[in-house]
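Single-structure report; data block below.
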Amino acid sequence: MGKVIAIANQKGGVGKSTTSINLSACLAEKGKRILAIDLDPQGNTTSGLGIDKDSCEATIYEILLGEAQVETAVIKDVMDNLDLIASNANLAGAEIELVGIDDREYLLKGIIDTVKDQYDYVIMDCPPSLSMLTINAMTAADSVLVPIQCEYYALEGLSQLIHTIDLVKERLNENITIEGVVFTMFDGRTNLSMQVVQNVKENLDCWIFKTIIPRNVRLAEAPSYGIPITEYDTRSAGAESYRKLALEIMEKGGQ
């Protein structure tokens with residue numbers, strides 16, 4: 001049975017999509033069967049894996065509204081061992097359209113439960129907000145992976161995210177845990193990056209991954225070519241870091 005991981009932080013620009021794309025690719029590279037689900041209306045994980053988000057006939061939006069079956073919406077083998085459920089701007093309307101639907105917090109869980117046995121990991125890229133889509137992801141997830149950018153406001157909003165996870169655990173999904181915090185966009189040349197890492201370690205009572213994702217030009221360039229960093233520049237610092245993160249997650253889960 002596949003492990004379901006939501007990648008979430010309501011703060012934008014912290015590397016959620018970059019982590020979703022490259023963690024999925026690195027786990028797939030290790031021979032794991034992966035389903036990536038793009039839950040962000042911006043569709044960055046979709047385009048970052050080389051799929052034209054505007055030409056997709058069935059996305060997570062259609063599945064949530066019951067207009068498409070998950071089996072027909074899954075885009076198979078966007079790379080070896082990696083399947084994708086895409087997203088596009090239509091998903092922005094889902095918040096309003098789901099109002100009034102009974103048990104709407106469990107819609108995504110019902111969808112994922114039908115397919116997760118086919119995969120080792122299901123990786124969900126959440127939108128940069130604590131919206132109904134993010135709540136759906138947390139209700140469906142076994143754990144939440146939190147990317148934190150190494151900048152001055154790193155801890156801002158983090159307590160709210162942890163509070164939300166606690167509420168979900170209390171009311172919707174008693175099994176959810178925090179997979180851990182991963183630092184992104186780390187610049188070893190600045191004291192600030194070092195201070196942020198130290199500050200978070202001192203103030204957060206949860207797992208913090210040893211792997212730190214560096215600020216890396218090649219990592220930033222890869223999405224514009226629609227391929228993960230492991231294919232764009234396999235020997236770059238970014239590729240090596242995400243491989244290490246994938247190994248940590250596998251080891252943490254006993255795989």
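Labeling convention for the structure tokens: chains A, B, ... as they appear, residues from 1 per chain, ligands from 1 in order of appearance.
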
Spatial neighbours of Phe209 of chain A, max dist 9 Å, only C-alpha atoms, sep filter under 4 positions, as an mmCIF file with C-alpha atoms, in the first residue's frame:
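Wrote out-v2.cif, looks like this:
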```cif
data_model
loop_
_atom_site.group_PDB
_atom_site.id
_atom_site.type_symbol
_atom_site.label_atom_id
_atom_site.label_comp_id
_atom_site.auth_asym_id
_atom_site.auth_seq_id
_atom_site.Cartn_x
_atom_site.Cartn_y
_atom_site.Cartn_z
ATOM 1 C CA GLY A 180 9.366 16.538 8.522
ATOM 2 C CA VAL A 181 10.735 19.929 7.557
ATOM 3 C CA VAL A 182 13.122 20.317 4.620
ATOM 4 C CA PHE A 183 15.130 23.510 4.141
ATOM 5 C CA LEU A 245 16.139 13.587 0.399
ATOM 6 C CA GLU A 248 16.076 9.831 3.731
ATOM 7 C CA ILE A 249 12.334 9.450 3.147
#
```

* Asked: If you count only C-alpha atoms, which residues fall within 9 Å of Arg243 of chain A, apart from same-chain ones fewer than 5 positions away, as JSON, numbers by chain?
  -> {"A": [22, 23, 25, 26, 27, 29, 30, 230, 238, 248]}

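Every protein or nucleic acid residue with an atom no more than 8 Å from Val196 of chain A, counting only C-alpha atoms and leaving out same-chain residues fewer than 6 positions away, appears here: A:Cys150, A:Glu151, A:Tyr152, A:Ala154.
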
With N, CA and C atoms retained, write the just-selected residues as a short mmCIF file (atom, residue, chain, number, x, y, z; two decimals), in the first residue's frame.
```
data_model
loop_
_atom_site.label_atom_id
_atom_site.label_comp_id
_atom_site.auth_asym_id
_atom_site.auth_seq_id
_atom_site.Cartn_x
_atom_site.Cartn_y
_atom_site.Cartn_z
N CYS A 150 15.04 29.28 3.32
CA CYS A 150 16.00 29.85 4.26
C CYS A 150 16.02 31.37 4.13
N GLU A 151 15.00 32.02 4.71
CA GLU A 151 14.91 33.48 4.67
C GLU A 151 14.36 33.99 6.00
N TYR A 152 14.34 35.30 6.15
CA TYR A 152 14.03 35.92 7.45
C TYR A 152 12.65 35.53 7.98
N ALA A 154 10.95 32.82 7.59
CA ALA A 154 10.73 31.37 7.44
C ALA A 154 9.71 30.82 8.43
#
```

* Shell around Met124 of chain A at 12 Å using only C-alpha atoms, local window under 2 positions removed, as a PyMOL selection string -> chain A and resi 3-8+16-21+23-24+34-40+43+45-46+60+84-87+108-109+112+121-122+126-127+133-146

* Skipping near chain neighbours, those fewer than 5 positions away, what residues fall within 12 Å of segment 215-219 of chain A using only C-alpha atoms, listed as a PyMOL selection string? -> chain A and resi 14-15+17-19+21-22+48+149-151+183-190+193+224-242

Residues just named, written with N, CA and C atoms as a short mmCIF file (atom, residue, chain, number, x, y, z; two decimals), in the first residue's frame:
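Now in result.cif:
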```cif
data_model
loop_
_atom_site.label_atom_id
_atom_site.label_comp_id
_atom_site.auth_asym_id
_atom_site.auth_seq_id
_atom_site.Cartn_x
_atom_site.Cartn_y
_atom_site.Cartn_z
N VAL A 14 8.27 28.77 -1.59
CA VAL A 14 9.20 28.08 -0.68
C VAL A 14 9.77 26.80 -1.30
N GLY A 15 9.33 26.48 -2.52
CA GLY A 15 9.88 25.30 -3.19
C GLY A 15 8.98 24.07 -3.11
N SER A 17 6.52 23.09 -5.30
CA SER A 17 6.44 22.42 -6.61
C SER A 17 7.78 21.83 -7.01
N THR A 18 8.86 22.57 -6.76
CA THR A 18 10.20 22.05 -7.06
C THR A 18 10.44 20.75 -6.30
N THR A 19 10.01 20.73 -5.03
CA THR A 19 10.18 19.52 -4.22
C THR A 19 9.27 18.40 -4.71
N ILE A 21 8.11 17.85 -7.76
CA ILE A 21 8.63 17.34 -9.03
C ILE A 21 9.87 16.48 -8.81
N ASN A 22 10.84 17.02 -8.08
CA ASN A 22 12.15 16.37 -8.00
C ASN A 22 12.20 15.23 -6.99
N GLY A 48 6.02 21.36 -14.98
CA GLY A 48 7.39 20.98 -14.64
C GLY A 48 7.73 19.55 -14.99
N GLN A 149 11.79 27.89 3.21
CA GLN A 149 12.84 28.66 2.56
C GLN A 149 13.75 29.29 3.61
N CYS A 150 15.04 29.28 3.32
CA CYS A 150 16.00 29.85 4.26
C CYS A 150 16.02 31.37 4.13
N GLU A 151 15.00 32.02 4.71
CA GLU A 151 14.91 33.48 4.67
C GLU A 151 14.36 33.99 6.00
N PHE A 183 14.70 22.15 4.47
CA PHE A 183 15.13 23.51 4.14
C PHE A 183 15.43 23.60 2.65
N THR A 184 14.93 24.69 2.01
CA THR A 184 15.16 24.90 0.58
C THR A 184 15.84 26.25 0.35
N MET A 185 16.42 26.39 -0.85
CA MET A 185 17.03 27.66 -1.26
C MET A 185 18.10 28.12 -0.26
N PHE A 186 18.86 27.16 0.22
CA PHE A 186 19.91 27.45 1.20
C PHE A 186 21.14 28.03 0.49
N ASP A 187 21.62 29.14 1.01
CA ASP A 187 22.83 29.76 0.47
C ASP A 187 23.89 29.77 1.56
N GLY A 188 24.84 28.86 1.44
CA GLY A 188 25.88 28.68 2.46
C GLY A 188 26.79 29.88 2.62
N ARG A 189 26.72 30.83 1.66
CA ARG A 189 27.59 32.01 1.73
C ARG A 189 27.03 33.07 2.68
N THR A 190 25.76 32.92 3.09
CA THR A 190 25.15 33.95 3.92
C THR A 190 24.95 33.47 5.35
N SER A 193 21.08 32.31 6.10
CA SER A 193 20.65 30.93 5.89
C SER A 193 21.00 30.05 7.08
N SER A 224 11.43 25.07 -16.73
CA SER A 224 11.13 25.72 -18.01
C SER A 224 11.35 24.77 -19.18
N TYR A 225 12.08 23.68 -18.94
CA TYR A 225 12.28 22.66 -19.97
C TYR A 225 11.34 21.47 -19.79
N GLY A 226 10.53 21.52 -18.72
CA GLY A 226 9.54 20.46 -18.49
C GLY A 226 10.15 19.14 -18.08
N ILE A 227 11.31 19.19 -17.42
CA ILE A 227 11.94 17.95 -16.95
C ILE A 227 12.49 18.17 -15.54
N PRO A 228 12.54 17.09 -14.74
CA PRO A 228 13.12 17.21 -13.40
C PRO A 228 14.62 17.42 -13.46
N ILE A 229 15.18 17.86 -12.36
CA ILE A 229 16.61 18.18 -12.30
C ILE A 229 17.48 16.94 -12.59
N THR A 230 16.98 15.75 -12.29
CA THR A 230 17.76 14.54 -12.52
C THR A 230 17.99 14.29 -14.01
N GLU A 231 17.11 14.83 -14.86
CA GLU A 231 17.28 14.69 -16.31
C GLU A 231 17.93 15.94 -16.91
N TYR A 232 17.67 17.09 -16.31
CA TYR A 232 18.21 18.34 -16.85
C TYR A 232 19.70 18.47 -16.59
N ASP A 233 20.11 18.18 -15.36
CA ASP A 233 21.53 18.21 -15.02
C ASP A 233 21.76 17.21 -13.88
N THR A 234 22.00 15.98 -14.26
CA THR A 234 22.00 14.88 -13.29
C THR A 234 23.10 14.99 -12.24
N ARG A 235 24.16 15.76 -12.54
CA ARG A 235 25.27 15.87 -11.59
C ARG A 235 25.26 17.17 -10.80
N SER A 236 24.22 17.96 -10.96
CA SER A 236 24.15 19.25 -10.26
C SER A 236 23.94 19.05 -8.76
N ALA A 237 24.23 20.11 -8.01
CA ALA A 237 24.03 20.06 -6.56
C ALA A 237 22.55 19.84 -6.23
N GLY A 238 21.66 20.40 -7.03
CA GLY A 238 20.23 20.23 -6.81
C GLY A 238 19.79 18.79 -6.97
N ALA A 239 20.29 18.13 -8.03
CA ALA A 239 19.94 16.73 -8.28
C ALA A 239 20.44 15.84 -7.14
N GLU A 240 21.67 16.07 -6.71
CA GLU A 240 22.24 15.25 -5.64
C GLU A 240 21.47 15.45 -4.32
N SER A 241 21.05 16.68 -4.07
CA SER A 241 20.32 16.97 -2.83
C SER A 241 18.97 16.26 -2.81
N TYR A 242 18.25 16.31 -3.93
CA TYR A 242 16.93 15.65 -3.95
C TYR A 242 17.06 14.12 -3.92
#
```

* Skipping near chain neighbours, those fewer than 6 positions away, what residues fall within 12 Å of Asp205 of chain A using only C-alpha atoms, listed as a PyMOL selection string? -> chain A and resi 158-159+162+178+180-181+199

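The strand (DSSP E or B) portion of segment 131-246 of chain A consists of Ser143, Val144, Leu145, Val146, Pro147, Ile148, Gln149, Thr177, Ile178, Glu179, Gly180, Val181, Val182, Phe183, Thr184, Phe186, Ile208 and Pro214 of chain A, with states taken from DSSP on the backbone.
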
Store the residues picked out above, limited to N, CA and C atoms, as a compact mmCIF listing (two decimals), in the first residue's frame.
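Printed below is result.txt as written:
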```
# COMPACT_ATOMS: atom_id res chain seq x y z
N SER A 143 1.16 11.69 5.81
CA SER A 143 2.08 12.65 6.43
C SER A 143 2.18 13.91 5.60
N VAL A 144 2.71 14.97 6.22
CA VAL A 144 2.90 16.26 5.56
C VAL A 144 4.40 16.60 5.57
N LEU A 145 4.93 16.88 4.39
CA LEU A 145 6.31 17.35 4.25
C LEU A 145 6.27 18.86 4.07
N VAL A 146 7.02 19.57 4.91
CA VAL A 146 6.96 21.04 4.91
C VAL A 146 8.28 21.63 4.41
N PRO A 147 8.29 22.20 3.19
CA PRO A 147 9.49 22.90 2.74
C PRO A 147 9.54 24.29 3.38
N ILE A 148 10.71 24.69 3.86
CA ILE A 148 10.90 26.01 4.45
C ILE A 148 12.06 26.70 3.74
N GLN A 149 11.79 27.89 3.21
CA GLN A 149 12.84 28.66 2.56
C GLN A 149 13.75 29.29 3.61
N THR A 177 0.67 12.53 10.29
CA THR A 177 1.86 12.97 11.04
C THR A 177 2.59 14.02 10.20
N ILE A 178 3.53 14.72 10.84
CA ILE A 178 4.42 15.60 10.08
C ILE A 178 5.62 14.77 9.64
N GLU A 179 5.75 14.56 8.34
CA GLU A 179 6.88 13.80 7.79
C GLU A 179 8.19 14.46 8.19
N GLY A 180 8.18 15.79 8.14
CA GLY A 180 9.37 16.54 8.52
C GLY A 180 9.46 17.86 7.78
N VAL A 181 10.45 18.64 8.18
CA VAL A 181 10.74 19.93 7.56
C VAL A 181 11.98 19.78 6.70
N VAL A 182 11.93 20.31 5.47
CA VAL A 182 13.12 20.32 4.62
C VAL A 182 13.45 21.76 4.25
N PHE A 183 14.70 22.15 4.47
CA PHE A 183 15.13 23.51 4.14
C PHE A 183 15.43 23.60 2.65
N THR A 184 14.93 24.69 2.01
CA THR A 184 15.16 24.90 0.58
C THR A 184 15.84 26.25 0.35
N PHE A 186 18.86 27.16 0.22
CA PHE A 186 19.91 27.45 1.20
C PHE A 186 21.14 28.03 0.49
N ILE A 208 13.43 17.10 11.38
CA ILE A 208 14.05 18.00 10.41
C ILE A 208 15.04 17.18 9.59
N PRO A 214 20.02 23.28 -1.78
CA PRO A 214 20.72 24.55 -1.99
C PRO A 214 20.01 25.46 -2.98
```

* Asked: Rounded to one decimal in Å, what is the spacing between atom CA of Tyr106 of chain A and atom CA of Lys169 of chain A?
  -> 13.2 Å

* **Contacts of Leu65 of chain A within 8 Å, only C-alpha atoms, excl. fewer than 4 positions in-chain, as a ChimeraX atom specification** => /A:61,94,98

Take the residues that were just selected and, keeping C-alpha atoms, output them as a PDB file, in the first residue's frame.
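That gives us part.pdb:
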```pdb
ATOM      1  CA  TYR A  61     -10.614  19.291 -10.970  1.00  0.00           C
ATOM      2  CA  ALA A  94     -13.220  24.119  -7.025  1.00  0.00           C
ATOM      3  CA  LEU A  98     -17.423  22.112  -3.470  1.00  0.00           C
TER       4      LEU A  98
END
```

* as JSON, numbers by chain, please: all residues of segment 15-146 of chain A that backbone DSSP puts in alpha helix (DSSP H). => {"A": [16, 17, 18, 19, 20, 21, 22, 23, 24, 25, 26, 27, 28, 29, 44, 45, 46, 47, 48, 60, 61, 62, 63, 64, 70, 71, 72, 73, 94, 95, 96, 97, 107, 108, 109, 110, 111, 112, 113, 132, 133, 134, 135, 136, 137, 138, 139, 140]}

* Asked: Which distance in Å separates atom CA of Gly12 of chain A and atom CA of Pro128 of chain A, to one decimal?
  ->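 Calculated distance between atom CA of Gly12 of chain A and atom CA of Pro128 of chain A is 5.1 Å.
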
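Closest approach to Val115 of chain A among A:Gly93, A:Gly2, A:Pro41, A:Gly157 is made by A:Gly2 (distances from only C-alpha atoms).
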
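Closest approach to Val168 of chain A from the set A:Glu105, A:Glu251, A:Asp113, A:Asp83 is made by A:Glu105, with distances taken over only C-alpha atoms.
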
* One decimal, Å: what's the distance from atom CA of Met1 of chain A over to atom CA of Lys116 of chain A, could you say? =>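 Atom CA of Lys116 of chain A lies 6.3 Å from atom CA of Met1 of chain A.
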